[in-house]
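Quick look at run-v3.cif (mmCIF, C-alpha atoms):
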```cif
data_model
#
loop_
_atom_site.group_PDB
_atom_site.id
_atom_site.type_symbol
_atom_site.label_atom_id
_atom_site.label_comp_id
_atom_site.auth_asym_id
_atom_site.auth_seq_id
_atom_site.Cartn_x
_atom_site.Cartn_y
_atom_site.Cartn_z
ATOM 1 C CA MET A 1 -29.248 -2.080 -6.475
ATOM 2 C CA SER A 2 -27.527 -0.025 -3.791
ATOM 3 C CA VAL A 3 -23.964 -0.430 -2.587
ATOM 4 C CA SER A 4 -23.516 -2.619 0.467
ATOM 5 C CA ILE A 5 -20.397 -3.618 2.398
ATOM 6 C CA THR A 6 -20.067 -6.634 4.669
ATOM 7 C CA PRO A 7 -17.075 -8.181 6.467
ATOM 8 C CA ILE A 8 -15.279 -10.588 4.136
ATOM 9 C CA ASP A 9 -14.238 -12.798 7.078
ATOM 10 C CA PRO A 10 -16.543 -11.940 9.990
ATOM 11 C CA ALA A 11 -15.297 -14.771 12.169
ATOM 12 C CA ARG A 12 -11.746 -13.373 12.220
ATOM 13 C CA HIS A 13 -12.063 -9.705 11.272
ATOM 14 C CA SER A 14 -15.407 -8.033 11.941
ATOM 15 C CA ASP A 15 -14.027 -4.558 11.166
ATOM 16 C CA PHE A 16 -11.113 -5.327 8.852
ATOM 17 C CA VAL A 17 -11.589 -5.975 5.110
ATOM 18 C CA GLY A 18 -15.050 -5.490 3.618
ATOM 19 C CA LEU A 19 -16.646 -7.072 0.563
ATOM 20 C CA VAL A 20 -18.450 -4.546 -1.650
ATOM 21 C CA SER A 21 -21.506 -5.475 -3.693
ATOM 22 C CA GLY A 22 -24.105 -3.619 -5.730
ATOM 23 C CA ILE A 23 -21.766 -1.572 -7.931
ATOM 24 C CA ASP A 24 -20.371 -1.733 -11.461
ATOM 25 C CA LEU A 25 -17.323 0.506 -11.789
ATOM 26 C CA ARG A 26 -17.742 0.668 -15.571
ATOM 27 C CA GLN A 27 -20.847 2.785 -14.935
ATOM 28 C CA PRO A 28 -21.065 6.279 -13.407
ATOM 29 C CA VAL A 29 -20.627 6.199 -9.632
ATOM 30 C CA SER A 30 -22.894 8.536 -7.675
ATOM 31 C CA ALA A 31 -21.824 10.842 -4.873
ATOM 32 C CA GLU A 32 -23.928 8.722 -2.524
ATOM 33 C CA ASP A 33 -22.004 5.594 -3.501
ATOM 34 C CA VAL A 34 -18.706 7.413 -3.025
ATOM 35 C CA ALA A 35 -19.801 8.371 0.489
ATOM 36 C CA VAL A 36 -20.725 4.750 1.283
ATOM 37 C CA ILE A 37 -17.343 3.560 0.039
ATOM 38 C CA GLU A 38 -15.484 6.188 2.060
ATOM 39 C CA ALA A 39 -17.418 5.205 5.191
ATOM 40 C CA GLY A 40 -16.565 1.595 4.443
ATOM 41 C CA MET A 41 -12.896 2.490 4.162
ATOM 42 C CA ASP A 42 -13.011 4.260 7.522
ATOM 43 C CA ARG A 43 -14.424 1.102 9.104
ATOM 44 C CA PHE A 44 -12.710 -1.733 7.224
ATOM 45 C CA ALA A 45 -9.488 -0.090 5.879
ATOM 46 C CA VAL A 46 -9.519 -2.615 2.975
ATOM 47 C CA LEU A 47 -12.386 -3.111 0.492
ATOM 48 C CA VAL A 48 -12.705 -5.856 -2.110
ATOM 49 C CA PHE A 49 -14.709 -5.319 -5.329
ATOM 50 C CA ARG A 50 -15.249 -8.528 -7.313
ATOM 51 C CA ASN A 51 -15.806 -8.818 -11.068
ATOM 52 C CA GLN A 52 -14.794 -5.309 -12.140
ATOM 53 C CA PRO A 53 -13.373 -5.632 -15.708
ATOM 54 C CA ILE A 54 -12.354 -1.980 -15.946
ATOM 55 C CA ASP A 55 -9.831 -0.366 -18.270
ATOM 56 C CA ASP A 56 -7.189 2.234 -17.414
ATOM 57 C CA ASP A 57 -9.441 5.225 -18.121
ATOM 58 C CA GLN A 58 -12.204 3.816 -15.918
ATOM 59 C CA GLN A 59 -9.785 3.051 -13.110
ATOM 60 C CA VAL A 60 -8.316 6.555 -13.196
ATOM 61 C CA ALA A 61 -11.778 8.155 -13.334
ATOM 62 C CA PHE A 62 -12.964 6.102 -10.359
ATOM 63 C CA GLY A 63 -9.885 7.008 -8.331
ATOM 64 C CA ARG A 64 -10.361 10.724 -8.971
ATOM 65 C CA LEU A 65 -13.784 10.578 -7.307
ATOM 66 C CA PHE A 66 -11.933 10.311 -3.980
ATOM 67 C CA GLY A 67 -9.381 13.073 -4.540
ATOM 68 C CA PRO A 68 -6.241 13.947 -6.499
ATOM 69 C CA LEU A 69 -4.116 11.047 -7.722
ATOM 70 C CA GLU A 70 -0.418 10.661 -7.174
ATOM 71 C CA GLN A 71 1.929 10.440 -10.127
ATOM 72 C CA ALA A 72 3.915 7.208 -10.300
ATOM 73 C CA THR A 73 7.242 8.851 -9.435
ATOM 74 C CA GLY A 74 8.102 5.984 -7.090
ATOM 75 C CA ASP A 75 8.348 3.497 -9.963
ATOM 76 C CA LEU A 76 11.889 2.860 -11.124
ATOM 77 C CA ALA A 77 10.896 3.023 -14.808
ATOM 78 C CA GLN A 78 10.309 6.619 -15.846
ATOM 79 C CA GLY A 79 9.833 8.533 -19.107
ATOM 80 C CA ALA A 80 10.171 6.469 -22.282
ATOM 81 C CA ASP A 81 10.775 3.314 -20.236
ATOM 82 C CA ARG A 82 7.266 3.363 -18.798
ATOM 83 C CA ARG A 83 4.526 1.014 -20.006
ATOM 84 C CA LEU A 84 1.595 2.848 -18.387
ATOM 85 C CA ARG A 85 0.450 6.441 -17.975
ATOM 86 C CA MET A 86 1.783 8.358 -14.971
ATOM 87 C CA GLU A 87 -1.441 8.010 -12.953
ATOM 88 C CA LEU A 88 -0.902 4.233 -12.837
ATOM 89 C CA ASN A 89 1.777 2.379 -10.920
ATOM 90 C CA ASP A 90 2.871 -0.648 -12.928
ATOM 91 C CA ILE A 91 2.582 -3.636 -10.586
ATOM 92 C CA SER A 92 3.622 -6.216 -13.134
ATOM 93 C CA ASN A 93 6.536 -8.229 -14.504
ATOM 94 C CA LEU A 94 6.169 -6.765 -18.018
ATOM 95 C CA ASP A 95 8.346 -4.326 -19.927
ATOM 96 C CA ARG A 96 7.132 -1.399 -22.044
ATOM 97 C CA ASP A 97 6.477 -3.784 -24.955
ATOM 98 C CA GLY A 98 4.325 -6.106 -22.834
ATOM 99 C CA LYS A 99 6.962 -8.829 -22.677
ATOM 100 C CA LEU A 100 8.081 -10.684 -19.556
ATOM 101 C CA ARG A 101 11.073 -9.040 -17.937
ATOM 102 C CA ALA A 102 14.216 -11.132 -17.614
ATOM 103 C CA ARG A 103 14.870 -12.569 -14.172
ATOM 104 C CA ASP A 104 17.831 -10.210 -13.669
ATOM 105 C CA ASP A 105 16.063 -7.163 -15.168
ATOM 106 C CA ARG A 106 16.805 -4.125 -13.004
ATOM 107 C CA THR A 107 13.204 -2.908 -12.864
ATOM 108 C CA ARG A 108 11.994 -6.393 -11.940
ATOM 109 C CA LEU A 109 14.552 -6.667 -9.128
ATOM 110 C CA PHE A 110 13.555 -3.248 -7.804
ATOM 111 C CA GLY A 111 9.913 -4.357 -7.868
ATOM 112 C CA LEU A 112 10.703 -7.304 -5.611
ATOM 113 C CA GLY A 113 10.614 -4.759 -2.788
ATOM 114 C CA ASN A 114 6.836 -5.227 -2.932
ATOM 115 C CA LEU A 115 7.400 -8.599 -1.246
ATOM 116 C CA LEU A 116 8.324 -6.717 1.932
ATOM 117 C CA TRP A 117 5.690 -5.339 4.292
ATOM 118 C CA HIS A 118 5.176 -1.692 3.411
ATOM 119 C CA SER A 119 2.829 1.268 3.130
ATOM 120 C CA ASP A 120 2.598 2.827 -0.337
ATOM 121 C CA SER A 121 4.470 6.092 -0.776
ATOM 122 C CA SER A 122 5.641 6.262 2.831
ATOM 123 C CA PHE A 123 8.908 7.299 1.125
ATOM 124 C CA LYS A 124 7.219 10.543 0.019
ATOM 125 C CA ALA A 125 6.991 13.570 2.320
ATOM 126 C CA ILE A 126 3.208 13.373 1.978
ATOM 127 C CA PRO A 127 2.446 9.643 2.063
ATOM 128 C CA ALA A 128 -0.453 8.106 0.178
ATOM 129 C CA LYS A 129 -4.062 7.913 1.311
ATOM 130 C CA TYR A 130 -5.792 5.103 -0.624
ATOM 131 C CA SER A 131 -4.349 2.617 -3.085
ATOM 132 C CA MET A 132 -6.596 0.984 -5.701
ATOM 133 C CA LEU A 133 -5.211 -2.154 -7.332
ATOM 134 C CA SER A 134 -6.896 -3.715 -10.369
ATOM 135 C CA ALA A 135 -6.127 -7.314 -11.400
ATOM 136 C CA ARG A 136 -5.839 -7.553 -15.190
ATOM 137 C CA ILE A 137 -3.827 -10.774 -15.743
ATOM 138 C CA LEU A 138 -3.022 -13.277 -12.982
ATOM 139 C CA PRO A 139 -0.686 -16.247 -12.732
ATOM 140 C CA ALA A 140 -2.273 -19.684 -12.439
ATOM 141 C CA ARG A 141 -1.563 -19.744 -8.735
ATOM 142 C CA ASP A 142 0.156 -17.794 -5.929
ATOM 143 C CA GLY A 143 0.805 -14.047 -6.114
ATOM 144 C CA ASN A 144 -1.542 -13.307 -3.207
ATOM 145 C CA THR A 145 -1.457 -9.980 -1.359
ATOM 146 C CA GLU A 146 -1.464 -9.825 2.441
ATOM 147 C CA PHE A 147 -2.812 -6.914 4.472
ATOM 148 C CA ALA A 148 -2.078 -6.113 8.118
ATOM 149 C CA ASP A 149 -4.285 -3.951 10.354
ATOM 150 C CA MET A 150 -2.064 -1.330 11.988
ATOM 151 C CA ARG A 151 -4.944 -0.072 14.149
ATOM 152 C CA ALA A 152 -5.473 -3.416 15.811
ATOM 153 C CA ALA A 153 -1.726 -3.906 16.208
ATOM 154 C CA TYR A 154 -1.451 -0.553 17.984
ATOM 155 C CA ASP A 155 -4.463 -1.177 20.233
ATOM 156 C CA VAL A 156 -3.002 -4.272 21.901
ATOM 157 C CA LEU A 157 0.395 -2.770 22.696
ATOM 158 C CA PRO A 158 0.918 -2.148 26.422
ATOM 159 C CA GLU A 159 0.025 1.413 27.380
ATOM 160 C CA GLU A 160 3.572 2.157 28.511
ATOM 161 C CA GLU A 161 4.981 1.020 25.164
ATOM 162 C CA ARG A 162 2.426 3.070 23.209
ATOM 163 C CA ALA A 163 3.447 6.151 25.178
ATOM 164 C CA SER A 164 7.138 5.550 24.444
ATOM 165 C CA LEU A 165 6.440 5.471 20.689
ATOM 166 C CA HIS A 166 4.207 8.501 20.334
ATOM 167 C CA ASP A 167 6.823 11.160 19.654
ATOM 168 C CA LEU A 168 9.179 9.069 17.519
ATOM 169 C CA VAL A 169 9.901 10.128 13.939
ATOM 170 C CA CYS A 170 11.301 7.672 11.379
ATOM 171 C CA GLU A 171 13.198 8.143 8.139
ATOM 172 C CA HIS A 172 11.678 6.360 5.119
ATOM 173 C CA THR A 173 13.385 5.734 1.802
ATOM 174 C CA GLN A 174 13.218 3.155 -0.970
ATOM 175 C CA ILE A 175 17.014 3.089 -0.917
ATOM 176 C CA TYR A 176 16.805 1.379 2.487
ATOM 177 C CA SER A 177 13.998 -1.061 1.648
ATOM 178 C CA ARG A 178 15.681 -2.192 -1.576
ATOM 179 C CA GLY A 179 19.016 -2.410 0.184
ATOM 180 C CA VAL A 180 17.532 -4.978 2.547
ATOM 181 C CA LEU A 181 17.185 -7.234 -0.511
ATOM 182 C CA GLY A 182 20.657 -6.420 -1.797
ATOM 183 C CA PHE A 183 19.549 -3.905 -4.462
ATOM 184 C CA THR A 184 22.025 -1.052 -3.981
ATOM 185 C CA GLU A 185 22.975 0.239 -7.423
ATOM 186 C CA PHE A 186 21.056 3.506 -7.690
ATOM 187 C CA THR A 187 21.850 6.323 -10.079
ATOM 188 C CA ASP A 188 22.602 9.803 -8.729
ATOM 189 C CA GLU A 189 19.192 10.963 -9.974
ATOM 190 C CA GLU A 190 17.462 8.082 -8.160
ATOM 191 C CA ARG A 191 19.302 8.795 -4.922
ATOM 192 C CA ILE A 192 17.998 12.359 -5.074
ATOM 193 C CA ARG A 193 14.478 11.221 -5.976
ATOM 194 C CA PHE A 194 14.451 8.646 -3.164
ATOM 195 C CA ALA A 195 16.087 10.820 -0.499
ATOM 196 C CA PRO A 196 14.849 9.996 3.056
ATOM 197 C CA VAL A 197 11.680 11.661 4.348
ATOM 198 C CA ARG A 198 10.391 12.025 7.913
ATOM 199 C CA GLN A 199 7.280 10.161 9.114
ATOM 200 C CA ARG A 200 5.709 9.766 12.517
ATOM 201 C CA LEU A 201 5.765 6.258 13.942
ATOM 202 C CA ILE A 202 2.263 6.739 15.390
ATOM 203 C CA ARG A 203 -0.429 8.530 13.424
ATOM 204 C CA ARG A 204 -4.053 9.445 13.975
ATOM 205 C CA HIS A 205 -6.739 8.831 11.354
ATOM 206 C CA PRO A 206 -8.224 12.216 10.378
ATOM 207 C CA VAL A 207 -11.830 10.945 10.331
ATOM 208 C CA THR A 208 -12.118 8.197 12.952
ATOM 209 C CA GLY A 209 -9.480 9.555 15.311
ATOM 210 C CA ARG A 210 -8.033 6.063 15.800
ATOM 211 C CA LEU A 211 -4.317 5.758 16.370
ATOM 212 C CA SER A 212 -2.231 3.248 14.452
ATOM 213 C CA LEU A 213 1.348 2.211 13.881
ATOM 214 C CA PHE A 214 2.886 3.691 10.738
ATOM 215 C CA LEU A 215 5.378 1.031 9.713
ATOM 216 C CA SER A 216 6.971 0.171 6.389
ATOM 217 C CA SER A 217 9.993 -1.621 4.979
ATOM 218 C CA HIS A 218 11.114 1.849 3.862
ATOM 219 C CA ALA A 219 11.705 2.888 7.503
ATOM 220 C CA GLY A 220 15.354 2.348 8.386
ATOM 221 C CA ALA A 221 16.124 4.925 11.046
ATOM 222 C CA ILE A 222 14.536 6.778 13.972
ATOM 223 C CA GLU A 223 15.574 10.322 14.760
ATOM 224 C CA GLY A 224 17.639 10.644 17.940
ATOM 225 C CA MET A 225 18.239 6.879 18.226
ATOM 226 C CA PRO A 226 21.332 4.867 17.255
ATOM 227 C CA VAL A 227 20.679 3.032 14.005
ATOM 228 C CA PRO A 228 21.113 -0.523 15.389
ATOM 229 C CA GLU A 229 18.712 0.251 18.242
ATOM 230 C CA ALA A 230 16.202 1.844 15.875
ATOM 231 C CA ARG A 231 16.264 -1.077 13.464
ATOM 232 C CA ALA A 232 15.873 -3.575 16.297
ATOM 233 C CA LEU A 233 12.829 -1.666 17.560
ATOM 234 C CA LEU A 234 11.317 -1.410 14.078
ATOM 235 C CA ARG A 235 11.893 -5.130 13.514
ATOM 236 C CA ASP A 236 10.124 -5.958 16.778
ATOM 237 C CA LEU A 237 7.186 -3.723 15.879
ATOM 238 C CA ASN A 238 6.903 -5.212 12.399
ATOM 239 C CA GLU A 239 6.917 -8.747 13.804
ATOM 240 C CA HIS A 240 4.206 -7.739 16.261
ATOM 241 C CA ALA A 241 2.066 -5.958 13.651
ATOM 242 C CA THR A 242 2.136 -8.801 11.129
ATOM 243 C CA GLN A 243 1.023 -11.612 13.412
ATOM 244 C CA ALA A 244 -1.670 -13.844 11.901
ATOM 245 C CA ALA A 245 -4.347 -12.264 14.115
ATOM 246 C CA PHE A 246 -3.903 -8.940 12.307
ATOM 247 C CA VAL A 247 -3.474 -10.252 8.739
ATOM 248 C CA TYR A 248 -5.883 -10.939 5.873
ATOM 249 C CA THR A 249 -4.659 -12.798 2.769
ATOM 250 C CA HIS A 250 -6.291 -11.750 -0.483
ATOM 251 C CA ARG A 251 -6.375 -14.507 -3.097
ATOM 252 C CA TRP A 252 -6.834 -12.644 -6.336
ATOM 253 C CA GLN A 253 -9.580 -13.431 -8.807
ATOM 254 C CA PRO A 254 -9.641 -12.011 -12.350
ATOM 255 C CA HIS A 255 -10.922 -8.409 -12.419
ATOM 256 C CA ASP A 256 -10.769 -7.883 -8.654
ATOM 257 C CA LEU A 257 -10.288 -4.309 -7.510
ATOM 258 C CA VAL A 258 -8.954 -3.903 -3.992
ATOM 259 C CA ILE A 259 -8.732 -0.563 -2.178
ATOM 260 C CA TRP A 260 -6.775 -0.056 1.025
ATOM 261 C CA ASP A 261 -5.989 2.817 3.348
ATOM 262 C CA ASN A 262 -2.227 3.259 3.603
ATOM 263 C CA ARG A 263 -2.680 5.327 6.761
ATOM 264 C CA THR A 264 -3.898 2.308 8.733
ATOM 265 C CA THR A 265 -2.533 -0.790 6.955
ATOM 266 C CA MET A 266 0.587 -2.441 5.640
ATOM 267 C CA HIS A 267 0.625 -4.932 2.802
ATOM 268 C CA ARG A 268 2.968 -7.168 0.856
ATOM 269 C CA ALA A 269 2.845 -9.244 -2.320
ATOM 270 C CA ARG A 270 3.604 -12.975 -2.249
ATOM 271 C CA ARG A 271 5.879 -14.824 -4.632
ATOM 272 C CA TYR A 272 4.669 -16.452 -7.837
ATOM 273 C CA ASP A 273 6.141 -18.166 -10.905
ATOM 274 C CA PRO A 274 8.189 -15.439 -12.683
ATOM 275 C CA THR A 275 7.646 -17.128 -16.046
ATOM 276 C CA GLU A 276 3.920 -16.306 -15.829
ATOM 277 C CA ILE A 277 2.395 -12.876 -16.396
ATOM 278 C CA ARG A 278 1.084 -10.976 -13.388
ATOM 279 C CA ASP A 279 -0.345 -7.616 -14.479
ATOM 280 C CA LEU A 280 -1.945 -5.410 -11.833
ATOM 281 C CA ARG A 281 -2.328 -1.646 -12.054
ATOM 282 C CA ARG A 282 -2.517 0.739 -9.121
ATOM 283 C CA THR A 283 -3.976 4.191 -8.773
ATOM 284 C CA THR A 284 -2.918 5.982 -5.609
ATOM 285 C CA LEU A 285 -4.692 8.821 -3.809
ATOM 286 C CA GLU A 286 -2.623 11.724 -2.552
ATOM 287 C CA GLY A 287 -2.334 11.897 1.225
ATOM 288 C CA ASP A 288 -3.720 14.405 3.697
ATOM 289 C CA GLY A 289 -0.408 16.097 4.537
ATOM 290 C CA PRO A 290 2.932 15.454 6.197
ATOM 291 C CA THR A 291 2.611 13.082 9.144
ATOM 292 C CA VAL A 292 5.153 15.151 11.102
ATOM 293 C CA ALA A 293 2.644 18.025 11.049
ATOM 294 C CA GLN A 294 -0.011 15.889 12.773
ATOM 295 C CA THR A 295 -0.614 16.041 16.500
ATOM 296 C CA HIS A 296 -1.786 13.256 18.779
#
```
As structure tokens, what does this structure read like?
Amino acid sequence: MSVSITPIDPARHSDFVGLVSGIDLRQPVSAEDVAVIEAGMDRFAVLVFRNQPIDDDQQVAFGRLFGPLEQATGDLAQGADRRLRMELNDISNLDRDGKLRARDDRTRLFGLGNLLWHSDSSFKAIPAKYSMLSARILPARDGNTEFADMRAAYDVLPEEERASLHDLVCEHTQIYSRGVLGFTEFTDEERIRFAPVRQRLIRRHPVTGRLSLFLSSHAGAIEGMPVPEARALLRDLNEHATQAAFVYTHRWQPHDLVIWDNRTTMHRARRYDPTEIRDLRRTTLEGDGPTVAQTH
């Protein structure tokens, strides 16, 4: 059976979010299948793979078929405090011993930043390409993930407004995004690790050539603009880009794998009962290069 990809919600999103069939990620994946998946990502930006009961080794191996993987340096827990290997971001409410984190646990509170609209690793000088999130254990309900199409959001902006945004450069840092939620107690080492980086507000996809907004909760300033003015503009753009017309809500099923292109989407997690386990694991593909080096 060959890989096929169809719109998951054709009535609302004919070219945003595809459902993949005809593949078992526990088995070797051919170069031809990789090419089909990459073409699907260029079209849909988000792909959903159902019923993929993979382990960590299989997830890492699959991710490497698409390029080098990031190390999980953006996670708060590092070194001996980590539960997972460095190729996997720990998107869970579990500590290194597999126990539920306390409600006031520092790592848990830091992780609540995932409830804000963001693009993975936009706080790194070279932001991420793809993210691949595998659902291992899910709560009984809630805990959905929402995705917003930054291409479509850009396309409907008035031409004059698009032109005014093209040369703007933002500063992204996890210190800002967590500060929005009141998480401000960072160590000196963390403040160095999460120092602001520069990202273009508008970026061009290297394959399709489509332009899109590059927004994230990590963006808290715009170069050459007073901070209150910059934050007001970014708030307006985020409200525009996350309207229902641009958003798909993924309701997780056990063993789902979802891949998204951080260059053309934002996403956010939704709340769930913190007394239930939610264990998802993310591999993240290294990006193409600094966005400030790109030209329009």
**Picked residues, the PyMOL selection byres ((chain A and resi 182-190) around 12), as a count of residues only** = 31
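The gap separating atom CA of Asn262 of chain A from atom CA of Arg231 of chain A is 21.4 Å, in Å to one decimal.
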**Prompt:** With all atoms listed in the file as the atoms that count, which of A:Val258, A:Ile91, A:Leu233, A:Met266 lies nearest to Ile37 of chain A?
**Reply:** A:Val258
**Request:** Given the file shown, enumerate the residues that the PyMOL selection byres ((chain A and resi 288) around 10) captures and present them as an NGL selection string.
**Result:** :A and (126-129 or 205-206 or 263 or 285-287 or 289-291 or 294)
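Around Ser30 of chain A, within 12 Å and counting all atoms listed in the file, the residues found are A:Ser2, A:Val3, A:Ile23, A:Asp24, A:Leu25, A:Gln27, A:Asp33, A:Val34, A:Ala35, A:Val36, A:Ile37, A:Phe62, A:Leu65, A:Phe66, once anything fewer than 3 positions away on its own chain is removed.
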**Item:** Pick from A:Arg64, A:Arg162, A:Lys99, A:Arg271 nearest to Ser212 of chain A, counting all atoms listed in the file
**Value:** A:Arg162
Edge lengths and centre in Å, axis-aligned, segment 139-144 of chain A plus 4 Å each side, as AutoDock Vina command-line options:
```
--center_x -0.7 --center_y -16.5 --center_z -8.0 --size_x 11.1 --size_y 14.4 --size_z 17.5
```
**Prompt:** By how many Å are atom CA of Arg200 of chain A and atom CA of His250 of chain A apart?
**Reply:**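 Interatomic distance here is 27.9 Å.
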**Item:** Shell of 12 Å around Ala230 of chain A, only C-alpha atoms, local chain residues under 2 positions omitted, as a list in words
**Value:**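 Within the cut-off, the hits are Leu165, Leu168, Val169, Cys170, Glu171, Leu201, Ala219, Gly220, Ala221, Ile222, Glu223, Gly224, Met225, Pro226, Val227, Pro228, Ala232, Leu233, Leu234, Arg235, Asp236 and Leu237 of chain A.
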List the neighbours of Ala11 of chain A out to 12 Å using all atoms listed in the file; skip same-chain residues closer than 4 positions along the sequence, and give me the result as a PDB file with C-alpha atoms, keeping the file's coordinate frame.
```
ATOM      1  CA  PRO A   7     -17.075  -8.181   6.467  1.00  0.00           C
ATOM      2  CA  ASP A  15     -14.027  -4.558  11.166  1.00  0.00           C
ATOM      3  CA  PHE A  16     -11.113  -5.327   8.852  1.00  0.00           C
ATOM      4  CA  VAL A  17     -11.589  -5.975   5.110  1.00  0.00           C
ATOM      5  CA  ALA A 245      -4.347 -12.264  14.115  1.00  0.00           C
ATOM      6  CA  TYR A 248      -5.883 -10.939   5.873  1.00  0.00           C
TER       7      TYR A 248
END
```
If you take all atoms listed in the file and a cut-off of 12 Å, which residues of segment 140-247 of chain A touch segment 274-283 of chain A, and what are their nearest atom pairs and distances in Å to one decimal, in chain and number order, as CSV?
```
residue,atom,partner,partner_atom,distance
A:Ala140,CA,A:Glu276,CA,7.8
A:Arg141,CA,A:Glu276,CA,9.6
A:Asp142,CA,A:Arg278,CA,10.1
A:Gly143,CA,A:Arg278,CA,7.9
A:Asn144,CA,A:Arg278,CA,10.8
A:Thr145,CA,A:Leu280,CA,11.4
```
**Request:** Work out how far apart atom CA of Arg151 of chain A and atom CA of Ser121 of chain A are and give it in Å to one decimal.
**Result:**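 If I compute the distance from atom CA of Arg151 of chain A to atom CA of Ser121 of chain A, I get 18.7 Å.
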**Item:** Selected residue, from A:Ile54, A:Leu47, A:Ala241, A:Leu133, that lies nearest to Ser21 of chain A when counting all atoms listed in the file
**Value:**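 That would be A:Leu47, the residue with the smallest distance to Ser21 of chain A.
Of the listed residues (A:Asn93, A:Ser216, A:Thr295, A:Gln71), A:Ser216 comes nearest to Asn238 of chain A; the distances count all atoms listed in the file.
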**Message:** Counting all atoms listed in the file, which residue out of A:Val292, A:Ile5, A:Val156, A:Ala244 sits closest to Asp42 of chain A?
**Reply:** A:Ile5
**Answer key for the PyMOL selection byres ((chain A and resi 48) around 7), residues as a list of chain:residue names** = A:Gly18, A:Leu19, A:Val20, A:Val46, A:Leu47, A:Phe49, A:Arg50, A:Leu257, A:Val258, A:Ile259
**Asked** Nearest to Ala152 of chain A among A:Trp260, A:Leu213, A:Gln58, A:Ala39, with distances taken over all atoms listed in the file: which residue is it?
**Response**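 Looking at the shortest contact to Ala152 of chain A, the residue is A:Leu213.
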